Amino acid sequence: MSKVVSLAEAAALVRDGDTLALGGNLLHRIPAAFARALARAGRRRLELVKTAAAYDVDLLCAAGAVATVHAGYVGYETHGMAPAYRRAVESGAVTAAEHACTTVIAALRAAAFGVPFQPVAGLDGSDLPAARGWRRIADPYGRGGEVVVIPSIRPDWAVLHVQVADAQGNGRILGAPYEDPLMARAARRVILTAERLVPSADLAREPELTQVPGFAVAAVVHAPGGAWPGSCHGFYDVDAAALDEWLRAAREPARLAAHLEAAR
Amino acid sequence: MSKVVSLAEAAALVRDGDTLALGGNLLHRIPAAFARALARAGRRRLELVKTAAAYDVDLLCAAGAVATVHAGYVGYETHGMAPAYRRAVESGAVTAAEHACTTVIAALRAAAFGVPFQPVAGLDGSDLPAARGWRRIADPYGRGGEVVVIPSIRPDWAVLHVQVADAQGNGRILGAPYEDPLMARAARRVILTAERLVPSADLAREPELTQVPGFAVAAVVHAPGGAWPGSCHGFYDVDAAALDEWLRAAREPARLAAHLEAAR
Amino acid sequence: MSAGRDVPTQMIVAMARRLRDGETVFYGVASPLPLLATRLAQRRHAPRLTPLNIPGGVGATPPAPRSGSTVGPDMLAGSPAVFPLMDIFDLSARGGLDVVFLSGVQIDPTGAINMSAIGDLERPRTKLPGGAGSACLMPTARRVLLWRSRHDPRSFVERLDFRTAAGNVEAVVTPLAVLARVEGRLAVESVHEGMTLDEVRAATGFPIDPVGGRGAGVPVTPPPTADERAVLDDLDPARVRDLEFR
Amino acid sequence: MSAGRDVPTQMIVAMARRLRDGETVFYGVASPLPLLATRLAQRRHAPRLTPLNIPGGVGATPPAPRSGSTVGPDMLAGSPAVFPLMDIFDLSARGGLDVVFLSGVQIDPTGAINMSAIGDLERPRTKLPGGAGSACLMPTARRVLLWRSRHDPRSFVERLDFRTAAGNVEAVVTPLAVLARVEGRLAVESVHEGMTLDEVRAATGFPIDPVGGRGAGVPVTPPPTADERAVLDDLDPARVRDLEFR
């Protein structure tokens, strides 16, 4: 009944062309080790979905694994743009399916709710709806005006790095949940990487903290340090030196292999 | 800065004709003491919103406080129908705005998301959409067929009984959340009744368990036993004898005053 | 209640046997029988069953609830997670719920149910409690298992006063029989020990045939085994399962 | 950096002063300046301010983040609740967010921003990081406060390459000045100490007038007081506020 597998076994579940929602946010509680495993496995043509991304999306772009990125923000905050992502988009190798973070959430909500589209407030004055072909629908109850509706995005996988999980895939997130609980619901299947594996009975003592129920989870990987070089709340902070090193490597495609090797 | 007031003061915030979302479910973690306070205050023409209700809605119907009930279920499970609610609906004194629990949630989601309507899956073959005037909308992206959209319900108040709160209105729910967190977001303002008041610093030790943020809360009432005769997870179970007594009282309008008096 | 005609036990056993290992299965309000059916299945043939309930229990192991409520705090017993009602509805809506147990005050020949009103919905002769989540669950869950603690012509009717919900009904378990839905219409799959097809027909407010067709025979529902009885007695020593039949 | 021309401190102070006690205020990614502005306001005139951030801090008291990230675990410091990004967007969507701090790589005369691309969106000359939540927040939040760590004609442009977001902009705080939106168009509300209106005009890629009109005078932004400086030095001893200006 255990769903625990190795990182490489979990990565092998993903097929070329799959759509992946990646948990965490920017450099925080991201499925970094899993992204590296996908890069090592040579996955291609992935569609990535995330509100605000940094290392994981950038690394997969550097590895040539990506066809499309659906995101509201890709960058390293005050450390600047994502070099590999930017290069891939500007060269045409990767399509930036520009979203607002809000519309990524709306698209995932539609999938989680089992409906074809999700109305979202705002977007007035933005060029995004026209650029993305998002439609407006009049309120059939005549109380509001028109509202933009976002088509659902149903990822094949949600890949989430959590602090604690059991072998059945029940996952506990401490601190910021970001969009992980929604991703776990919107996606067809879930892959968890976890800092710690514990017996289910430990989770049952505070079940309110388990945001990912095990029945939707296909694989659990024991991956201490799985968010490195990012942070993991309650476990470790961003590795600033490693991040600087990566940002240099991301500018030079030839250095990717060394980065993947060093990160083992 | 404290928002702590008496039960009567909190009840006085509600005006005749207001729409109230009532937290909890059936006989569990319901705002029962607050419902009695509204009955004592003589509120009239309230609109009540809840997925599955028992004592709170029944009591307010007995008190003549209710115009409309938007609910998916009103009853006492194996103990049978809600006597006062049933009498009020059958006499025409109260309008049963029949919902599915799902469509109550959809209506509250629309309000929480700031959109005029919320698509919901299902309802095929049901007479509910026609009876309620719910419209179907074609998927403008041509991927699905039609989907029913539910108009938003934005309650004036969410009234929630929680286990733990601080004086600023941050509320912690233990065990089943039911629809309380959604209600706290869908409503314009929130009234909390709480088994225990604690310093904010206590909540800050496990902020993940605080589902109601204080800034939306207008009033906090220290109300130990506030869900009686219902249960409150971690505090007390259903008072079966008191429930039987109430179910007899609910059949005889003259006995309401005695029930309200006995419940002080 | 003799051992040979322990209706609640027979019904629970018939419900439990339809559950398959590894499935997700939801029961809602007023559902001691489905709760016990899931517990029985977990203890016997379906250890990896994931029962879900309103408070959010995920594969929980709640006791038979003496209060009769399947919505209370005890439903979380042993649960490693809280996955509450909203999440369950969404799960069904996106095609991820295998089984839902539902009941109906009226049930029609197609398995559609009325839980809303006798008479007119707006001004009912008798207001019923409402269908809870059924209107959305019945069309979206993979398999709908209905149960009804009475089998009489007022419950099984040709025409519903109001069609609260309709959808993917697989079977209806009653005190007399198991009805299966075949080509969109209920038929008698089996009669419980001691019952006859004629008795079932007399108790049903619409014409009903055996699954095999008008002239076909009807098997007897396999009665509870000694082990099933023993497990149920262990799970429900106070016989909460009798509550619906009082 | 002399005390008389401490640009980050001047900008933070100008941002903080616009916050009113009791408001809800959100800052997103890459926002050390807004974070410090909310902390400064909390410590001085707005003790009941409720800053919200992406990880879910509610009235939290995070340290100045040495990493420069305003999305990390430290943002929850002291928070009694977790109210994460999705909830914040919804809060704004339903009219409950008082203030949002946002930035733009390009800002046009109406306060609309481009965070998406220089050149064509589909095949950009320069891909920008994206507008995060701004396209939905700018039209729905009550008051939008923009800041930009550069004030030059490439940042303040007559026409955006792409209009990522537009909406309820109240003011733009820059290294040179505070611009206010008056009748839909940016105007100079005040210039920081040592700056002149002509310098602001030369640094702005579109014609811009004082708030009082073309010929009107422009006040000097009140410089940071000794107490404001002291509180900021206490909140940010390592001068994280300089990160954006390197």
# chains A, B, ... in the order shown; residues from 1 in each chain; ligands from 1
$ interface_residues --of "chain B" --to "chain C" --cutoff "6 Å" --atoms "only C-alpha atoms" --output "ChimeraX atom specification"
/B:28,72-75,77-78,86,90,100-102,121-123,125-127,176,233
$ select_by_dssp --residues "region 6-236 of chain A" --states "helix (DSSP H, G or I)" --output "PyMOL selection string"
chain A and resi 7-11+32-40+55-62+77-79+83-91+101-113+128-132+180-186+200-204+207-209+214-216
$ write_last_selection --atoms "C-alpha atoms" --output "CSV table (one decimal), in the first residue's frame"
chain,number,residue,atom,x,y,z
A,7,LEU,CA,13.0,10.5,-7.1
A,8,ALA,CA,13.9,8.9,-10.5
A,9,GLU,CA,11.0,6.5,-10.3
A,10,ALA,CA,8.6,9.4,-9.6
A,11,ALA,CA,10.1,11.5,-12.5
A,32,ALA,CA,13.5,21.7,-7.1
A,33,ALA,CA,14.9,18.2,-6.7
A,34,PHE,CA,12.0,16.8,-8.8
A,35,ALA,CA,12.7,19.5,-11.5
A,36,ARG,CA,16.3,18.3,-11.6
A,37,ALA,CA,15.2,14.7,-11.9
A,38,LEU,CA,13.0,15.6,-14.8
A,39,ALA,CA,15.9,17.4,-16.4
A,40,ARG,CA,18.1,14.4,-15.9
A,55,TYR,CA,14.3,28.2,-10.1
A,56,ASP,CA,12.1,25.3,-11.1
A,57,VAL,CA,10.8,26.8,-14.3
A,58,ASP,CA,14.1,28.4,-15.1
A,59,LEU,CA,16.0,25.1,-14.7
A,60,LEU,CA,13.6,23.1,-16.8
A,61,CYS,CA,13.8,25.8,-19.5
A,62,ALA,CA,17.6,25.5,-19.3
A,77,GLU,CA,12.6,39.2,-7.5
A,78,THR,CA,15.4,41.7,-6.6
A,79,HIS,CA,17.9,39.2,-8.2
A,83,PRO,CA,18.0,33.9,-17.5
A,84,ALA,CA,17.2,30.6,-19.1
A,85,TYR,CA,13.5,31.2,-19.2
A,86,ARG,CA,14.1,34.6,-20.7
A,87,ARG,CA,16.5,33.3,-23.3
A,88,ALA,CA,14.1,30.5,-24.3
A,89,VAL,CA,11.1,32.8,-24.6
A,90,GLU,CA,13.1,35.4,-26.6
A,91,SER,CA,14.4,32.7,-29.0
A,101,CYS,CA,-1.4,35.0,-11.1
A,102,THR,CA,-5.1,35.4,-10.5
A,103,THR,CA,-6.0,33.9,-13.8
A,104,VAL,CA,-3.7,30.9,-13.2
A,105,ILE,CA,-5.7,30.4,-10.0
A,106,ALA,CA,-9.0,30.8,-11.9
A,107,ALA,CA,-7.9,28.2,-14.5
A,108,LEU,CA,-7.0,25.8,-11.8
A,109,ARG,CA,-10.2,26.5,-9.9
A,110,ALA,CA,-12.2,25.6,-12.9
A,111,ALA,CA,-10.4,22.3,-13.2
A,112,ALA,CA,-10.8,21.6,-9.4
A,113,PHE,CA,-14.5,22.5,-9.6
A,128,LEU,CA,-4.2,40.3,-21.4
A,129,PRO,CA,-7.8,39.1,-22.3
A,130,ALA,CA,-7.4,40.2,-25.9
A,131,ALA,CA,-3.9,38.7,-26.1
A,132,ARG,CA,-5.0,35.4,-24.6
A,180,ASP,CA,-0.4,23.8,-3.5
A,181,PRO,CA,-3.7,22.7,-2.0
A,182,LEU,CA,-5.5,23.9,-5.1
A,183,MET,CA,-3.0,22.3,-7.4
A,184,ALA,CA,-3.5,19.0,-5.6
A,185,ARG,CA,-7.2,19.2,-6.4
A,186,ALA,CA,-7.0,20.6,-10.0
A,200,SER,CA,-0.2,8.1,9.3
A,201,ALA,CA,-1.0,8.1,13.0
A,202,ASP,CA,1.2,11.1,13.5
A,203,LEU,CA,-0.8,13.1,10.9
A,204,ALA,CA,-4.1,11.9,12.5
A,207,PRO,CA,-5.5,16.2,10.7
A,208,GLU,CA,-6.4,19.9,10.0
A,209,LEU,CA,-2.8,20.5,8.9
A,214,GLY,CA,-3.5,10.7,0.0
A,215,PHE,CA,-6.1,9.1,-2.3
A,216,ALA,CA,-5.1,11.5,-5.2
$ closest_atom_pairs --of "chain B" --to "chain A" --cutoff "10 Å" --atoms "only C-alpha atoms" --output "Markdown table"
| residue | atom | partner | partner_atom | distance |
| --- | --- | --- | --- | --- |
| B:Ala106 | CA | A:Phe113 | CA | 9.7 |
| B:Ala110 | CA | A:Pro119 | CA | 8.6 |
| B:Phe113 | CA | A:Val120 | CA | 7.2 |
| B:Gly114 | CA | A:Ala121 | CA | 6.1 |
| B:Val115 | CA | A:Ala121 | CA | 5.8 |
| B:Pro116 | CA | A:Gly144 | CA | 6.1 |
| B:Phe117 | CA | A:Asp139 | CA | 7.1 |
| B:Gln118 | CA | A:Pro119 | CA | 7.1 |
| B:Pro119 | CA | A:Val115 | CA | 6.4 |
| B:Val120 | CA | A:Val115 | CA | 6.3 |
| B:Ala121 | CA | A:Val115 | CA | 5.8 |
| B:Gly122 | CA | A:Gly114 | CA | 9.1 |
| B:Gly133 | CA | A:Tyr141 | CA | 9.4 |
| B:Trp134 | CA | A:Tyr141 | CA | 8.7 |
| B:Arg135 | CA | A:Pro140 | CA | 7.0 |
| B:Arg136 | CA | A:Pro140 | CA | 8.9 |
| B:Ile137 | CA | A:Pro140 | CA | 8.5 |
| B:Ala138 | CA | A:Pro116 | CA | 9.3 |
| B:Asp139 | CA | A:Pro116 | CA | 6.3 |
| B:Pro140 | CA | A:Arg135 | CA | 7.0 |
| B:Tyr141 | CA | A:Pro151 | CA | 6.9 |
| B:Gly142 | CA | A:Pro116 | CA | 9.0 |
| B:Arg143 | CA | A:Pro116 | CA | 7.1 |
| B:Gly144 | CA | A:Pro116 | CA | 6.1 |
| B:Gly145 | CA | A:Pro116 | CA | 8.5 |
| B:Glu146 | CA | A:Pro116 | CA | 8.9 |
| B:Val147 | CA | A:Val115 | CA | 7.3 |
| B:Val148 | CA | A:Val115 | CA | 9.4 |
| B:Val149 | CA | A:Pro140 | CA | 8.6 |
| B:Ile150 | CA | A:Tyr141 | CA | 9.2 |
| B:Pro151 | CA | A:Tyr141 | CA | 6.9 |
| B:Ser152 | CA | A:Tyr141 | CA | 9.7 |
| B:Ile173 | CA | A:Glu208 | CA | 8.9 |
| B:Leu174 | CA | A:Glu208 | CA | 7.1 |
| B:Gly175 | CA | A:Glu208 | CA | 6.4 |
| B:Ala176 | CA | A:Glu208 | CA | 8.1 |
| B:Pro177 | CA | A:Glu208 | CA | 8.8 |
| B:Glu206 | CA | A:Gly175 | CA | 8.6 |
| B:Pro207 | CA | A:Gly175 | CA | 7.6 |
| B:Glu208 | CA | A:Gly175 | CA | 6.4 |
| B:Leu209 | CA | A:Glu208 | CA | 7.2 |
$ select_by_dssp --residues "region 169-245 of chain B" --states "strand (DSSP E)" --output "ChimeraX atom specification"
/B:171-172,189-197,210-212,217-222
$ write_last_selection --atoms "C-alpha atoms" --output "PDB file, in the first residue's frame"
ATOM      1  CA  GLY B 171     -10.660  32.510  14.688  1.00  0.00           C
ATOM      2  CA  ARG B 172      -9.384  28.951  14.898  1.00  0.00           C
ATOM      3  CA  ARG B 189     -18.783  41.162   7.920  1.00  0.00           C
ATOM      4  CA  VAL B 190     -18.251  38.357  10.390  1.00  0.00           C
ATOM      5  CA  ILE B 191     -19.496  37.783  13.933  1.00  0.00           C
ATOM      6  CA  LEU B 192     -17.606  35.155  15.920  1.00  0.00           C
ATOM      7  CA  THR B 193     -18.731  33.404  19.037  1.00  0.00           C
ATOM      8  CA  ALA B 194     -15.978  31.382  20.658  1.00  0.00           C
ATOM      9  CA  GLU B 195     -15.539  28.761  23.328  1.00  0.00           C
ATOM     10  CA  ARG B 196     -12.242  30.310  24.383  1.00  0.00           C
ATOM     11  CA  LEU B 197     -10.557  33.677  23.960  1.00  0.00           C
ATOM     12  CA  THR B 210      -6.561  30.145  11.968  1.00  0.00           C
ATOM     13  CA  GLN B 211      -9.088  30.033   9.145  1.00  0.00           C
ATOM     14  CA  VAL B 212     -10.844  33.319   9.910  1.00  0.00           C
ATOM     15  CA  VAL B 217     -14.580  40.394  11.896  1.00  0.00           C
ATOM     16  CA  ALA B 218     -16.867  42.982  13.433  1.00  0.00           C
ATOM     17  CA  ALA B 219     -17.491  41.383  16.826  1.00  0.00           C
ATOM     18  CA  VAL B 220     -16.186  38.575  19.004  1.00  0.00           C
ATOM     19  CA  VAL B 221     -18.298  37.044  21.759  1.00  0.00           C
ATOM     20  CA  HIS B 222     -16.928  34.835  24.491  1.00  0.00           C
TER      21      HIS B 222
END
$ residues_around --residues "region 230-238 of chain D" --least-positions-apart "6" --cutoff "10 Å" --atoms "only C-alpha atoms" --output "number ranges by chain"
D: 9, 12-13, 32, 36-37, 39-41, 43-44, 61-66, 224
$ write_last_selection --atoms "N, CA, C and O atoms" --output "compact mmCIF listing (two decimals), in the first residue's frame"
# COMPACT_ATOMS: atom_id res chain seq x y z
N THR D 9 15.14 55.45 1.66
CA THR D 9 14.46 55.90 2.87
C THR D 9 13.39 56.93 2.53
O THR D 9 12.25 56.86 3.02
N ILE D 12 10.42 55.06 0.98
CA ILE D 12 9.66 54.28 1.97
C ILE D 12 8.79 55.21 2.81
O ILE D 12 7.61 54.94 3.07
N VAL D 13 9.37 56.30 3.24
CA VAL D 13 8.64 57.26 4.06
C VAL D 13 7.45 57.82 3.29
O VAL D 13 6.33 57.92 3.83
N PRO D 32 10.59 44.69 -0.98
CA PRO D 32 11.14 45.14 0.30
C PRO D 32 10.72 46.56 0.67
O PRO D 32 10.46 46.83 1.86
N LEU D 36 8.73 47.48 4.12
CA LEU D 36 9.25 48.41 5.13
C LEU D 36 8.30 49.58 5.33
O LEU D 36 8.15 50.08 6.45
N ALA D 37 7.62 50.01 4.27
CA ALA D 37 6.64 51.09 4.42
C ALA D 37 5.51 50.67 5.36
O ALA D 37 5.07 51.45 6.21
N ARG D 39 5.69 48.35 7.70
CA ARG D 39 6.24 48.20 9.05
C ARG D 39 6.42 49.56 9.71
O ARG D 39 6.14 49.73 10.90
N LEU D 40 6.90 50.51 8.92
CA LEU D 40 7.08 51.87 9.45
C LEU D 40 5.75 52.47 9.86
O LEU D 40 5.61 53.06 10.94
N ALA D 41 4.74 52.30 9.01
CA ALA D 41 3.42 52.85 9.32
C ALA D 41 2.85 52.20 10.58
O ALA D 41 2.27 52.87 11.44
N ARG D 43 4.47 51.05 13.04
CA ARG D 43 5.20 51.52 14.22
C ARG D 43 4.90 52.98 14.53
O ARG D 43 5.16 53.44 15.65
N ARG D 44 4.37 53.70 13.57
CA ARG D 44 4.14 55.13 13.82
C ARG D 44 2.64 55.48 13.83
O ARG D 44 2.01 55.36 14.86
N THR D 61 4.69 40.81 11.37
CA THR D 61 5.78 41.74 11.65
C THR D 61 7.10 41.13 11.16
O THR D 61 8.00 40.86 11.95
N PRO D 62 7.18 40.91 9.82
CA PRO D 62 8.38 40.26 9.29
C PRO D 62 9.59 41.17 9.38
O PRO D 62 9.46 42.38 9.34
N PRO D 63 10.76 40.57 9.47
CA PRO D 63 11.98 41.35 9.39
C PRO D 63 12.21 41.81 7.96
O PRO D 63 11.61 41.27 7.03
N ALA D 64 13.06 42.82 7.80
CA ALA D 64 13.51 43.16 6.45
C ALA D 64 14.22 41.93 5.90
O ALA D 64 15.15 41.43 6.52
N PRO D 65 13.76 41.40 4.78
CA PRO D 65 14.31 40.12 4.31
C PRO D 65 15.66 40.30 3.61
O PRO D 65 15.74 40.89 2.55
N ARG D 66 16.69 39.75 4.24
CA ARG D 66 18.04 39.92 3.69
C ARG D 66 18.17 39.35 2.29
O ARG D 66 18.96 39.81 1.48
N PRO D 224 12.37 62.51 5.35
CA PRO D 224 12.21 61.64 6.52
C PRO D 224 12.56 62.40 7.79
O PRO D 224 13.56 63.13 7.81
$ closest_residue --among "C:Ser190, C:Thr50, C:Thr174, C:Ser155" --to "Leu35 (chain C)" --atoms "only C-alpha atoms"
C:Thr50
$ residues_around --residues "Pro210 (chain D)" --least-positions-apart "5" --cutoff "12 Å" --atoms "only C-alpha atoms" --output "PDB file with C-alpha atoms, in the first residue's frame"
ATOM      1  CA  ALA D 177       9.235  62.602  -6.856  1.00  0.00           C
ATOM      2  CA  VAL D 178       5.751  61.604  -5.863  1.00  0.00           C
ATOM      3  CA  LEU D 179       3.374  61.566  -8.821  1.00  0.00           C
ATOM      4  CA  ALA D 180      -0.368  61.631  -8.147  1.00  0.00           C
ATOM      5  CA  ARG D 181      -3.116  60.658 -10.536  1.00  0.00           C
ATOM      6  CA  VAL D 182      -5.442  63.582 -11.103  1.00  0.00           C
ATOM      7  CA  ARG D 185      -3.383  61.444 -15.572  1.00  0.00           C
ATOM      8  CA  LEU D 186      -0.163  61.484 -13.576  1.00  0.00           C
ATOM      9  CA  ALA D 187       1.001  64.848 -12.249  1.00  0.00           C
ATOM     10  CA  VAL D 188       3.834  65.862  -9.942  1.00  0.00           C
ATOM     11  CA  GLU D 189       2.569  66.049  -6.379  1.00  0.00           C
ATOM     12  CA  SER D 190       5.948  66.762  -4.809  1.00  0.00           C
ATOM     13  CA  VAL D 191       9.648  66.514  -5.624  1.00  0.00           C
ATOM     14  CA  THR D 196      13.521  70.183  -9.254  1.00  0.00           C
ATOM     15  CA  LEU D 197      10.408  69.977 -11.391  1.00  0.00           C
ATOM     16  CA  ASP D 198      12.584  70.343 -14.502  1.00  0.00           C
ATOM     17  CA  VAL D 200      11.504  65.288 -13.009  1.00  0.00           C
ATOM     18  CA  ARG D 201      10.186  66.402 -16.387  1.00  0.00           C
ATOM     19  CA  GLY D 215       2.349  76.890 -14.121  1.00  0.00           C
ATOM     20  CA  ALA D 216       1.813  75.867 -10.505  1.00  0.00           C
ATOM     21  CA  GLY D 217       4.560  75.353  -7.987  1.00  0.00           C
ATOM     22  CA  VAL D 218       5.537  71.961  -6.610  1.00  0.00           C
ATOM     23  CA  PRO D 219       6.164  71.363  -2.932  1.00  0.00           C
ATOM     24  CA  VAL D 220       9.093  69.391  -1.630  1.00  0.00           C
TER      25      VAL D 220
END
$ atom_distance --atom1 "CA of Tyr236 (chain B)" --atom2 "CA of Arg29 (chain B)"
9.7 Å
$ atom_distance --atom1 "CA of Val144 (chain D)" --atom2 "CA of Asn168 (chain D)"
5.5 Å
$ atom_distance --atom1 "CA of Gly59 (chain D)" --atom2 "CA of Ala12 (chain B)"
28.3 Å
$ closest_residue --among "B:Ala21, B:Glu245, B:Ala41, B:Pro155" --to "Ala63 (chain B)" --atoms "only C-alpha atoms"
B:Ala41
